[in-house]
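Next up, coords_5.txt (compact mmCIF, C-alpha atoms):
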# COMPACT_ATOMS: atom_id res chain seq x y z
CA MET A 1 -3.85 -97.10 -7.18
CA PRO A 2 -5.27 -97.21 -10.71
CA THR A 3 -7.66 -94.40 -11.57
CA VAL A 4 -9.81 -96.74 -13.69
CA ASP A 5 -11.26 -100.07 -12.51
CA TYR A 6 -9.81 -102.65 -14.88
CA ARG A 7 -11.60 -105.63 -13.37
CA ASP A 8 -14.24 -105.78 -16.11
CA SER A 9 -11.49 -105.69 -18.73
CA LEU A 10 -9.74 -108.56 -16.95
CA VAL A 11 -12.94 -110.66 -16.89
CA GLU A 12 -13.44 -110.07 -20.59
CA LEU A 13 -9.77 -110.70 -21.38
CA ALA A 14 -9.75 -113.97 -19.44
CA LEU A 15 -12.90 -115.13 -21.20
CA SER A 16 -11.38 -114.42 -24.59
CA HIS A 17 -8.45 -116.66 -23.59
CA GLY A 18 -10.77 -119.47 -22.52
CA LYS A 19 -10.40 -118.80 -18.79
CA PRO A 20 -13.84 -117.92 -17.49
CA LEU A 21 -13.77 -115.55 -14.51
CA GLU A 22 -16.72 -113.95 -12.76
CA ARG A 23 -16.69 -110.32 -11.72
CA THR A 24 -17.57 -111.58 -8.20
CA ASP A 25 -14.35 -113.68 -8.19
CA LEU A 26 -12.41 -110.50 -8.73
CA GLU A 27 -14.22 -108.60 -6.00
CA SER A 28 -13.15 -111.09 -3.35
CA ALA A 29 -9.70 -112.04 -4.70
CA ARG A 30 -6.63 -110.21 -3.46
CA THR A 31 -4.02 -112.32 -5.22
CA ARG A 32 -3.51 -113.87 -8.63
CA ALA A 33 -3.36 -117.30 -7.04
CA GLU A 34 -6.82 -116.79 -5.55
CA LEU A 35 -8.12 -116.27 -9.08
CA GLY A 36 -6.73 -119.69 -10.03
CA ILE A 37 -4.53 -118.17 -12.73
CA SER A 38 -0.95 -119.43 -12.98
CA SER A 39 1.98 -117.02 -12.97
CA LEU A 40 2.67 -117.80 -16.63
CA ASP A 41 -0.99 -117.52 -17.67
CA ILE A 42 -1.31 -114.02 -16.21
CA ILE A 43 1.64 -112.99 -18.41
CA ILE A 44 -0.21 -114.41 -21.42
CA LEU A 45 -3.35 -112.46 -20.46
CA MET A 46 -1.39 -109.23 -20.05
CA SER A 47 0.31 -109.84 -23.36
CA GLY A 48 -3.15 -110.09 -24.94
CA PHE A 49 -4.09 -106.80 -23.29
CA MET A 50 -0.89 -105.20 -24.61
CA GLN A 51 -1.70 -106.32 -28.14
CA ARG A 52 -5.07 -104.57 -27.94
CA TYR A 53 -3.30 -101.34 -27.08
CA GLY A 54 -0.40 -101.84 -29.48
CA VAL A 55 2.18 -102.02 -26.69
CA ALA A 56 5.12 -104.24 -27.64
CA ASP A 57 7.52 -104.38 -24.71
CA PHE A 58 6.56 -106.51 -21.73
CA ARG A 59 8.51 -104.92 -18.87
CA PRO A 60 10.22 -107.42 -16.52
CA GLU A 61 9.36 -105.16 -13.56
CA TRP A 62 5.69 -105.86 -14.21
CA VAL A 63 6.09 -109.57 -13.43
CA PRO A 64 6.12 -109.34 -9.60
CA MET A 65 3.25 -106.81 -9.72
CA LEU A 66 1.08 -109.47 -11.36
CA GLU A 67 1.02 -111.47 -8.11
CA SER A 68 -1.69 -109.24 -6.56
CA MET A 69 -5.06 -108.08 -7.85
CA ASP A 70 -4.13 -104.44 -7.26
CA GLY A 71 -0.82 -104.99 -9.06
CA ILE A 72 -2.59 -106.52 -12.06
CA CYS A 73 -4.81 -103.43 -12.34
CA GLU A 74 -1.78 -101.16 -11.99
CA VAL A 75 -0.02 -103.00 -14.82
CA MET A 76 -3.13 -102.68 -16.98
CA GLU A 77 -3.17 -98.97 -16.30
CA GLU A 78 0.52 -98.70 -17.20
CA ILE A 79 -0.15 -100.55 -20.44
CA VAL A 80 -2.95 -98.15 -21.33
CA GLY A 81 -0.66 -95.27 -20.34
CA SER A 82 2.15 -96.58 -22.54
CA ALA A 83 -0.24 -96.77 -25.47
CA GLU A 84 -1.33 -93.18 -24.95
CA VAL A 85 2.26 -91.97 -24.78
CA GLY A 86 2.99 -93.79 -28.03
CA LYS A 87 0.04 -92.19 -29.87
CA MET B 1 38.94 -112.10 -16.96
CA THR B 2 36.69 -110.98 -14.12
CA ASP B 3 37.19 -112.37 -10.63
CA ARG B 4 33.96 -114.30 -10.98
CA CYS B 5 35.38 -116.21 -13.94
CA GLN B 6 38.33 -117.56 -11.97
CA PRO B 7 38.63 -121.35 -12.01
CA LEU B 8 38.20 -123.24 -8.76
CA THR B 9 41.11 -122.85 -6.36
CA GLU B 10 43.04 -125.87 -5.12
CA GLU B 11 41.22 -125.51 -1.82
CA GLU B 12 37.81 -125.46 -3.53
CA LEU B 13 38.72 -128.50 -5.62
CA LYS B 14 39.78 -130.35 -2.50
CA SER B 15 36.60 -129.33 -0.72
CA PHE B 16 34.48 -130.56 -3.66
CA GLN B 17 36.26 -133.90 -3.70
CA GLU B 18 35.73 -134.27 0.02
CA ASN B 19 32.13 -133.03 0.23
CA GLY B 20 30.57 -133.56 -3.22
CA PHE B 21 29.56 -129.90 -3.54
CA VAL B 22 31.22 -126.49 -3.62
CA GLY B 23 29.93 -122.94 -3.36
CA PRO B 24 28.11 -120.68 -3.25
CA PHE B 25 29.71 -118.49 -5.91
CA ASP B 26 28.61 -115.06 -7.08
CA LEU B 27 27.16 -114.87 -10.58
CA TYR B 28 24.64 -112.02 -10.74
CA GLU B 29 23.91 -109.14 -8.42
CA ALA B 30 20.75 -109.89 -6.43
CA GLU B 31 18.57 -107.34 -8.23
CA GLU B 32 19.92 -108.43 -11.60
CA ALA B 33 19.08 -112.06 -10.79
CA VAL B 34 15.49 -111.23 -9.91
CA MET B 35 15.09 -109.16 -13.06
CA LYS B 36 16.61 -111.93 -15.19
CA TRP B 37 14.11 -114.41 -13.79
CA ASN B 38 11.25 -112.01 -14.51
CA LYS B 39 12.50 -111.78 -18.08
CA ALA B 40 12.83 -115.56 -18.33
CA LYS B 41 9.24 -115.95 -17.11
CA ILE B 42 7.98 -113.62 -19.83
CA GLU B 43 9.93 -115.63 -22.41
CA MET B 44 8.57 -118.91 -21.06
CA ALA B 45 4.97 -117.71 -21.08
CA LEU B 46 5.08 -116.16 -24.53
CA SER B 47 7.40 -118.65 -26.23
CA GLN B 48 6.41 -119.66 -29.75
CA ASN B 49 8.99 -122.49 -29.75
CA LYS B 50 8.37 -124.50 -26.59
CA PRO B 51 10.35 -127.73 -26.46
CA HIS B 52 7.25 -129.51 -25.12
CA ASN B 53 3.82 -128.57 -23.84
CA SER B 54 4.04 -129.93 -20.31
CA THR B 55 3.73 -127.43 -17.50
CA VAL B 56 4.41 -130.17 -14.94
CA ILE B 57 7.68 -131.42 -16.41
CA ASN B 58 9.50 -128.11 -16.59
CA TYR B 59 12.69 -129.36 -18.24
CA ASP B 60 14.95 -127.70 -20.76
CA ARG B 61 13.58 -124.20 -21.06
CA HIS B 62 17.14 -123.11 -21.83
CA LEU B 63 16.28 -124.35 -25.31
CA ASP B 64 13.59 -121.74 -25.98
CA CYS B 65 14.16 -118.89 -23.52
CA ASP B 66 17.00 -116.66 -24.64
CA THR B 67 17.75 -115.49 -21.09
CA LEU B 68 18.19 -119.09 -19.92
CA SER B 69 20.12 -120.02 -23.10
CA GLU B 70 22.63 -117.37 -22.11
CA HIS B 71 22.60 -118.39 -18.45
CA ILE B 72 23.64 -122.02 -18.94
CA ALA B 73 26.81 -120.96 -20.75
CA ARG B 74 27.91 -118.17 -18.45
CA PRO B 75 31.72 -118.01 -18.23
CA GLU B 76 31.45 -117.64 -14.44
CA ILE B 77 29.88 -121.11 -14.32
CA VAL B 78 31.81 -122.86 -17.09
CA SER B 79 35.21 -121.69 -15.82
CA LYS B 80 34.52 -123.48 -12.54
CA LEU B 81 33.13 -126.65 -14.09
CA ARG B 82 36.29 -127.19 -16.14
CA GLY B 83 38.41 -127.98 -13.10
CA LEU B 84 36.06 -130.84 -12.28
CA ILE B 85 34.74 -132.24 -15.56
CA GLY B 86 37.47 -131.21 -18.03
CA ASP B 87 37.45 -128.71 -20.89
CA ASP B 88 34.77 -130.47 -22.95
CA ILE B 89 31.35 -129.86 -21.43
CA LEU B 90 27.75 -130.44 -22.55
CA CYS B 91 24.70 -128.93 -20.88
CA TRP B 92 22.19 -131.77 -21.22
CA LYS B 93 19.26 -130.73 -19.06
CA SER B 94 17.77 -127.94 -16.99
CA ASN B 95 15.02 -127.84 -14.37
CA ILE B 96 13.03 -125.09 -12.69
CA PHE B 97 12.81 -125.49 -8.93
CA LYS B 98 10.19 -123.16 -7.51
CA LYS B 99 9.08 -123.56 -3.91
CA GLU B 100 5.95 -121.66 -2.91
CA PRO B 101 5.33 -120.53 0.68
CA GLY B 102 3.98 -123.49 2.63
CA GLU B 103 5.51 -126.10 0.33
CA ALA B 104 7.21 -129.11 1.88
CA GLY B 105 10.92 -129.77 1.70
CA THR B 106 12.28 -132.06 -1.00
CA GLY B 107 13.22 -135.47 0.32
CA TRP B 108 16.77 -136.77 0.34
CA HIS B 109 17.87 -138.33 -2.94
CA GLN B 110 20.98 -139.51 -4.74
CA VAL B 111 21.35 -140.20 -8.47
CA GLU B 112 24.03 -140.60 -11.09
CA ALA B 113 22.41 -142.18 -14.15
CA PHE B 114 19.19 -140.22 -13.56
CA VAL B 115 16.82 -143.17 -13.46
CA VAL B 116 13.83 -141.11 -12.33
CA GLY B 117 10.16 -141.36 -13.18
CA GLU B 118 8.47 -144.12 -15.07
CA THR B 119 10.29 -144.40 -18.41
CA THR B 120 13.98 -144.36 -17.59
CA THR B 121 15.25 -147.66 -16.19
CA SER B 122 18.55 -149.17 -15.17
CA SER B 123 18.85 -150.63 -18.70
CA ALA B 124 17.72 -147.37 -20.32
CA PRO B 125 18.87 -144.62 -17.97
CA SER B 126 18.98 -140.91 -18.79
CA LEU B 127 22.77 -141.00 -18.67
CA LYS B 128 25.05 -143.86 -19.70
CA TYR B 129 28.70 -143.54 -18.73
CA THR B 130 30.81 -145.10 -21.49
CA GLU B 131 34.30 -144.79 -20.06
CA GLU B 132 36.38 -144.11 -16.99
CA SER B 133 37.60 -140.55 -16.75
CA THR B 134 40.76 -139.02 -15.38
CA ASN B 135 38.78 -135.95 -14.38
CA VAL B 136 37.17 -135.53 -10.98
CA THR B 137 33.71 -136.32 -12.40
CA GLN B 138 31.69 -136.68 -15.61
CA GLU B 139 28.44 -135.19 -14.28
CA LEU B 140 27.66 -131.95 -12.46
CA THR B 141 24.65 -129.86 -11.50
CA VAL B 142 24.71 -126.09 -11.11
CA TRP B 143 21.85 -124.78 -8.95
CA THR B 144 21.38 -121.04 -9.27
CA ALA B 145 19.24 -119.05 -6.85
CA PHE B 146 17.08 -116.45 -8.59
CA SER B 147 15.59 -115.45 -5.22
CA PRO B 148 17.17 -115.67 -1.79
CA ALA B 149 17.37 -119.33 -0.70
CA THR B 150 17.37 -119.45 3.09
CA HIS B 151 16.70 -121.81 5.98
CA GLU B 152 13.16 -120.38 6.09
CA ASN B 153 12.20 -120.48 2.41
CA GLY B 154 13.74 -123.79 1.40
CA CYS B 155 17.47 -123.70 0.76
CA MET B 156 19.24 -126.81 -0.53
CA THR B 157 20.63 -129.31 1.95
CA PHE B 158 23.55 -131.71 1.47
CA ILE B 159 25.07 -134.60 3.35
CA PRO B 160 28.79 -133.89 2.92
CA GLY B 161 30.87 -136.79 1.65
CA SER B 162 27.82 -138.90 0.77
CA HIS B 163 28.89 -139.10 -2.90
CA LYS B 164 31.52 -141.63 -1.90
CA LYS B 165 29.00 -144.35 -1.20
CA TRP B 166 25.61 -145.49 -2.49
CA TYR B 167 22.85 -144.98 0.07
CA TYR B 168 20.05 -145.50 -2.44
CA ASP B 169 19.51 -147.85 -5.38
CA GLU B 170 18.49 -145.52 -8.16
CA SER B 171 17.80 -148.44 -10.51
CA LYS B 172 14.69 -149.52 -8.59
CA PRO B 173 11.25 -148.24 -9.61
CA LEU B 174 9.48 -145.64 -7.49
CA THR B 175 5.80 -145.40 -6.64
CA ARG B 176 4.00 -142.11 -7.12
CA ASN B 177 1.44 -140.79 -4.66
CA ILE B 178 0.88 -137.05 -4.46
CA GLU B 179 -1.42 -137.38 -1.42
CA SER B 180 1.16 -139.05 0.81
CA LYS B 181 3.49 -136.94 2.94
CA LYS B 182 6.10 -139.70 2.69
CA HIS B 183 6.22 -139.10 -1.06
CA ASP B 184 8.24 -135.94 -0.61
CA PHE B 185 10.41 -136.28 -3.71
CA PHE B 186 8.06 -134.58 -6.20
CA GLY B 187 5.34 -137.15 -5.50
CA TYR B 188 7.69 -140.12 -5.13
CA ASP B 189 8.94 -141.68 -1.89
CA TYR B 190 12.67 -141.83 -2.47
CA SER B 191 13.23 -143.61 0.83
CA GLU B 192 11.83 -146.72 -0.93
CA LEU B 193 15.23 -146.91 -2.63
CA LYS B 194 17.29 -146.92 0.57
CA LEU B 195 19.87 -149.70 0.59
CA ASP B 196 19.84 -149.85 4.38
CA PRO B 197 16.30 -149.27 5.62
CA ASN B 198 17.66 -148.40 9.08
CA TRP B 199 19.87 -145.59 7.77
CA ASP B 200 18.41 -142.23 8.73
CA PRO B 201 19.80 -139.36 6.65
CA ASP B 202 18.44 -136.84 9.15
CA GLN B 203 20.91 -138.20 11.71
CA GLU B 204 23.86 -137.42 9.42
CA GLU B 205 25.78 -134.16 9.38
CA ILE B 206 23.70 -131.82 7.20
CA VAL B 207 24.90 -128.69 5.42
CA GLU B 208 22.28 -126.04 4.63
CA MET B 209 23.32 -124.10 1.54
CA GLU B 210 21.88 -120.66 2.14
CA MET B 211 22.34 -118.45 -0.90
CA LYS B 212 21.72 -114.90 -2.01
CA ALA B 213 19.80 -114.32 -5.23
CA GLY B 214 22.35 -114.52 -8.03
CA GLN B 215 24.61 -117.14 -6.43
CA PHE B 216 25.17 -120.71 -7.58
CA VAL B 217 26.38 -123.96 -6.09
CA ILE B 218 27.99 -126.87 -7.95
CA PHE B 219 27.31 -130.43 -6.84
CA LEU B 220 27.36 -134.07 -7.78
CA ALA B 221 23.88 -135.54 -8.11
CA LYS B 222 25.36 -138.53 -6.31
CA CYS B 223 25.90 -136.39 -3.21
CA VAL B 224 22.76 -137.00 -1.13
CA HIS B 225 20.75 -133.78 -1.28
CA GLY B 226 17.32 -132.31 -0.68
CA SER B 227 15.82 -129.04 0.44
CA ARG B 228 14.17 -127.44 3.44
CA PRO B 229 10.43 -126.68 3.51
CA ASN B 230 9.34 -123.15 2.72
CA VAL B 231 7.93 -121.85 6.00
CA SER B 232 8.27 -118.22 4.93
CA ASP B 233 6.04 -116.01 2.81
CA ILE B 234 8.73 -115.64 0.13
CA VAL B 235 8.84 -117.83 -2.98
CA ARG B 236 12.15 -119.64 -3.42
CA GLN B 237 13.07 -119.62 -7.08
CA ALA B 238 15.94 -121.67 -8.45
CA TYR B 239 17.11 -123.05 -11.77
CA ALA B 240 19.34 -126.09 -12.15
CA SER B 241 21.48 -126.64 -15.23
CA ARG B 242 23.08 -130.05 -15.62
CA TYR B 243 26.33 -130.85 -17.37
CA VAL B 244 28.20 -133.95 -18.53
CA ALA B 245 31.35 -134.82 -20.42
CA PRO B 246 30.66 -135.63 -24.10
CA SER B 247 31.66 -139.28 -23.50
CA VAL B 248 28.37 -139.73 -21.62
CA LYS B 249 25.45 -141.00 -23.69
CA ILE B 250 22.29 -138.98 -23.03
CA TYR B 251 18.82 -140.53 -23.35
CA GLU B 252 20.13 -143.41 -25.44
CA ASN B 253 17.05 -145.58 -26.14
CA VAL B 254 14.81 -143.13 -24.25
CA THR B 255 12.27 -141.37 -26.48
CA GLN B 256 9.76 -140.18 -23.90
CA LEU B 257 9.77 -139.15 -20.24
CA VAL B 258 6.83 -140.06 -18.01
CA GLU B 259 7.27 -138.23 -14.73
CA PHE B 260 5.20 -136.41 -12.10
CA GLY B 261 1.92 -137.51 -13.71
CA ASP B 262 2.73 -136.12 -17.15
CA SER B 263 4.77 -137.12 -20.19
CA ILE B 264 6.91 -135.44 -22.84
CA ASP B 265 8.40 -136.68 -26.09
CA LEU B 266 12.13 -136.10 -26.39
CA ASP B 267 12.07 -135.28 -30.12
CA TYR B 268 13.21 -131.79 -29.25
CA HIS B 269 16.11 -132.87 -27.08
CA GLY B 270 19.67 -131.93 -27.75
CA SER B 271 22.63 -130.87 -25.67
CA VAL B 272 24.57 -127.63 -25.77
CA LEU B 273 28.35 -127.66 -26.08
CA VAL B 274 29.27 -124.90 -23.62
CA SER B 275 33.02 -125.56 -23.65
CA GLY B 276 35.65 -127.35 -25.71
CA GLU B 277 34.85 -130.03 -28.25
CA ASP B 278 32.67 -133.08 -28.67
CA ARG B 279 35.10 -135.78 -29.85
CA TYR B 280 32.56 -138.60 -29.46
CA GLY B 281 29.50 -137.65 -31.46
CA TYR B 282 27.20 -139.72 -29.25
CA ASN B 283 24.67 -136.99 -28.66
CA ARG B 284 22.62 -134.58 -30.73
CA ILE B 285 23.99 -131.09 -30.28
CA HIS B 286 21.97 -127.89 -30.61
CA GLU B 287 24.17 -125.05 -31.87
CA ARG B 288 21.23 -122.64 -31.75
CA ASN B 289 18.27 -122.50 -29.45
CA LEU B 290 14.76 -123.16 -30.73
CA ASN B 291 14.38 -119.44 -31.50
CA GLY B 292 17.42 -119.66 -33.80
CA VAL B 293 19.73 -117.77 -31.44
CA PRO B 294 23.26 -119.26 -31.32
CA PHE B 295 24.40 -120.65 -27.96
CA ASN B 296 27.57 -119.23 -26.45
CA LYS B 297 30.59 -121.48 -26.16
CA VAL B 298 32.98 -120.22 -23.53
CA PRO B 299 36.50 -119.90 -25.02
CA LEU B 300 39.15 -121.91 -23.21
CA ALA B 301 41.07 -118.73 -22.48
CA ILE B 302 38.40 -116.44 -21.02
CA PRO B 303 39.22 -112.85 -22.00
Just give me the structure of the file as structure tokens.
Amino acid sequence: MPTVDYRDSLVELALSHGKPLERTDLESARTRAELGISSLDIIILMSGFMQRYGVADFRPEWVPMLESMDGICEVMEEIVGSAEVGK
Amino acid sequence: MTDRCQPLTEEELKSFQENGFVGPFDLYEAEEAVMKWNKAKIEMALSQNKPHNSTVINYDRHLDCDTLSEHIARPEIVSKLRGLIGDDILCWKSNIFKKEPGEAGTGWHQVEAFVVGETTTSSAPSLKYTEESTNVTQELTVWTAFSPATHENGCMTFIPGSHKKWYYDESKPLTRNIESKKHDFFGYDYSELKLDPNWDPDQEEIVEMEMKAGQFVIFLAKCVHGSRPNVSDIVRQAYASRYVAPSVKIYENVTQLVEFGDSIDLDYHGSVLVSGEDRYGYNRIHERNLNGVPFNKVPLAIP
């Protein structure tokens, strides 16, 4: 489980990509599909998150993790972790 | 040459001629297949060179996704196509076939000139056959499973031997209705095209093509085929690449496709010569994908 709650970051990230999400949507959602985000759009959102942290390589093993809300947060944590390793 | 690059055996050729399909064959290891699809999805999502902007018509992503560009010209595939279509082979189209848990099966259908949707017609089909061929066929589809494809999650189904006869009139127009359960061919009711309204394909002998992730099957689009519903909780992910001989004219007089409630312009379209030569010059050929990466052409003698 991620040590930081990335849900606020996801709300903000989605908004910046023109996909308004409410924090309450994220509280109740367990899957990406429940958020109404397509499997390709979540990759675009994560790519935007990676850019913020200067992480270049989108790992193929992240793709299936992006199907669940917990998985999305784990990927976000890994992205932040990758950025810290690269510092 | 690896075992997987062996041409079809005499027995497999005979089976194809009898049934209209042959396989499954091993291409990737299961884990490798899943990882390749993950990679392809990343490329699709982040592509800067999309052939078109439709997310409904998911054709031809082999033109902008390097992983799929490589896939359509795999020697394991091409070596088997040659025994059926000849040495000269174009890849003219690809489709993504994803079936989510709970999705219905795909209705029976049978095509050859690919008159599907609202823009292609019998006078302007997707494919125009310009000559008789001494080869077994001039058109083939390769359907690769990038997840397991099982009875439960929606494997392909075939009616063996059905390529020998027309059961449907593909030249007739189809009506689209996404609300109707009868419209089980991507929103169309393909049974509207049945030549004999009393013929019930479900009463025929049916082969279920269960496949492991990483396997592929080769079939004639004229062989009546469909798929099972996905009653599992596992997504069925497949990718079809379609091939013709260069004597076939592709999208002649077709500039736009209107299908599944969306449309795309075909300005981007071109075929990929995956084997041999194009001695006809009928079709635009892409030597590189839209990212500028050269396509592979499988040498006639596979090392």
Using all atoms listed in the file, find each residue in chain B having at least one atom no more than 6 Å away from chain A; report its shortest atom-to-atom pair and that distance in Å (one decimal), rows by chain then rising number, as JSON lines.
{"residue": "B:Asn38", "atom": "CA", "partner": "A:Pro60", "partner_atom": "CA", "distance": 5.1}
{"residue": "B:Lys39", "atom": "CA", "partner": "A:Pro60", "partner_atom": "CA", "distance": 5.2}
{"residue": "B:Ala45", "atom": "CA", "partner": "A:Leu40", "partner_atom": "CA", "distance": 5.0}
| message | Need to verify the contact set: Arg30 (chain A), 9 Å, all atoms listed in the file, exclusion of same-chain residues closer than 4 positions in sequence. Can you return it as a ChimeraX atom specification? | response | /A:26,34-35,68-70
Region 53-67 of chain B environment, 9 Å, all atoms listed in the file, sequence neighbours closer than 4 positions dropped, as an mmCIF file with C-alpha atoms, keeping the file's coordinate frame:
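Writing done, so here's result_35.cif:
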data_model
loop_
_atom_site.group_PDB
_atom_site.id
_atom_site.type_symbol
_atom_site.label_atom_id
_atom_site.label_comp_id
_atom_site.auth_asym_id
_atom_site.auth_seq_id
_atom_site.Cartn_x
_atom_site.Cartn_y
_atom_site.Cartn_z
ATOM 1 C CA LYS B 36 16.610 -111.930 -15.190
ATOM 2 C CA TRP B 37 14.110 -114.410 -13.790
ATOM 3 C CA LYS B 39 12.500 -111.780 -18.080
ATOM 4 C CA ALA B 40 12.830 -115.560 -18.330
ATOM 5 C CA LYS B 41 9.240 -115.950 -17.110
ATOM 6 C CA ILE B 42 7.980 -113.620 -19.830
ATOM 7 C CA GLU B 43 9.930 -115.630 -22.410
ATOM 8 C CA MET B 44 8.570 -118.910 -21.060
ATOM 9 C CA SER B 47 7.400 -118.650 -26.230
ATOM 10 C CA GLN B 48 6.410 -119.660 -29.750
ATOM 11 C CA ASN B 49 8.990 -122.490 -29.750
ATOM 12 C CA HIS B 71 22.600 -118.390 -18.450
ATOM 13 C CA ILE B 72 23.640 -122.020 -18.940
ATOM 14 C CA TRP B 92 22.190 -131.770 -21.220
ATOM 15 C CA LYS B 93 19.260 -130.730 -19.060
ATOM 16 C CA SER B 94 17.770 -127.940 -16.990
ATOM 17 C CA ASN B 95 15.020 -127.840 -14.370
ATOM 18 C CA ILE B 96 13.030 -125.090 -12.690
ATOM 19 C CA PHE B 97 12.810 -125.490 -8.930
ATOM 20 C CA SER B 241 21.480 -126.640 -15.230
ATOM 21 C CA LEU B 257 9.770 -139.150 -20.240
ATOM 22 C CA VAL B 258 6.830 -140.060 -18.010
ATOM 23 C CA GLU B 259 7.270 -138.230 -14.730
ATOM 24 C CA PHE B 260 5.200 -136.410 -12.100
ATOM 25 C CA GLY B 261 1.920 -137.510 -13.710
ATOM 26 C CA ASP B 262 2.730 -136.120 -17.150
ATOM 27 C CA SER B 263 4.770 -137.120 -20.190
ATOM 28 C CA ILE B 264 6.910 -135.440 -22.840
ATOM 29 C CA TYR B 268 13.210 -131.790 -29.250
ATOM 30 C CA HIS B 269 16.110 -132.870 -27.080
ATOM 31 C CA GLY B 270 19.670 -131.930 -27.750
ATOM 32 C CA VAL B 272 24.570 -127.630 -25.770
ATOM 33 C CA HIS B 286 21.970 -127.890 -30.610
ATOM 34 C CA ARG B 288 21.230 -122.640 -31.750
ATOM 35 C CA ASN B 289 18.270 -122.500 -29.450
ATOM 36 C CA LEU B 290 14.760 -123.160 -30.730
ATOM 37 C CA ASN B 291 14.380 -119.440 -31.500
ATOM 38 C CA GLY B 292 17.420 -119.660 -33.800
ATOM 39 C CA VAL B 293 19.730 -117.770 -31.440
#
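Of the listed residues (B:Ala238, B:Ala124, B:Leu90, B:Ile285), B:Ala238 comes nearest to Gly154 (chain B); the distances count all atoms listed in the file.
Relative to CA of Ala145 (chain B), CA of Tyr239 (chain B) is found at 6.7 Å.
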| field | d(CA of Glu210 (chain B), CA of Ala149 (chain B)) in Å | value | 5.5 Å
| message | Between CA of Glu29 (chain B) and CA of Gly214 (chain B), what is the distance in Å, rounded to a tenth? | response | 5.6 Å
| message | What's around Pro299 (chain B) at 10 Å? Count only C-alpha atoms, leave out sequence neighbours fewer than 6 positions away in its own chain, and write the answer as a VMD selection string. | response | chain B and resid 75 78 to 79 87 274 to 276
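Closest approach to Val136 (chain B) from the set B:Leu84, B:Cys155, B:Leu300, B:Ile250 is made by B:Leu84, with distances taken over all atoms listed in the file.
Distances here use only C-alpha atoms; by that measure, the residue among B:Gly281, B:Pro125, B:Gly107, B:Pro148 closest to Met209 (chain B) is B:Pro148.
When the distance limit is 10 Å and all atoms listed in the file are what count, the residues near Asp8 (chain A), minus those fewer than 2 positions from it on the same chain, are Asp5, Tyr6, Leu10, Val11, Glu12, Leu13, Ala14, Leu21, Glu22, Arg23 and Leu26 of chain A.
Shortest atom-to-atom contact with Thr31 (chain A) among A:Gly48, A:Gly71, A:Gly81, A:Gly18: A:Gly71, counting only C-alpha atoms.
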Box for region 15-19 of chain B - axis-aligned, 8 Å on each of the six sides, all listed atoms - centre and size in Å to one decimal, as lines of an AutoDock Vina configuration file.
center_x = 34.4
center_y = -131.8
center_z = -1.7
size_x = 20.5
size_y = 20.9
size_z = 19.9
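Excluding Glu77 (chain A) itself and same-chain residues fewer than 5 positions from it, the residues having an atom within 12 Å of it are A:Met1, A:Pro2, A:Thr3, A:Val4, A:Asp5, A:Tyr6, A:Arg7, A:Ser9, A:Leu10, A:Met46, A:Phe49, A:Met50, A:Tyr53, A:Trp62, A:Asp70, A:Gly71, A:Ile72, A:Ser82, A:Ala83, A:Glu84, counting only C-alpha atoms.
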| message | Using only C-alpha atoms and a cutoff of 7 Å, can you tell me which residues are near (24.1, -132.4, 6.5) in the file's coordinates, and write them out as an MDAnalysis selection string? | response | chainID B and resid 157:160 204:208
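The smallest atom-to-atom distance between Tyr280 (chain B) and any of B:Pro51, B:Asp88, B:Tyr190, B:Gln203, using only C-alpha atoms, is found for B:Asp88.
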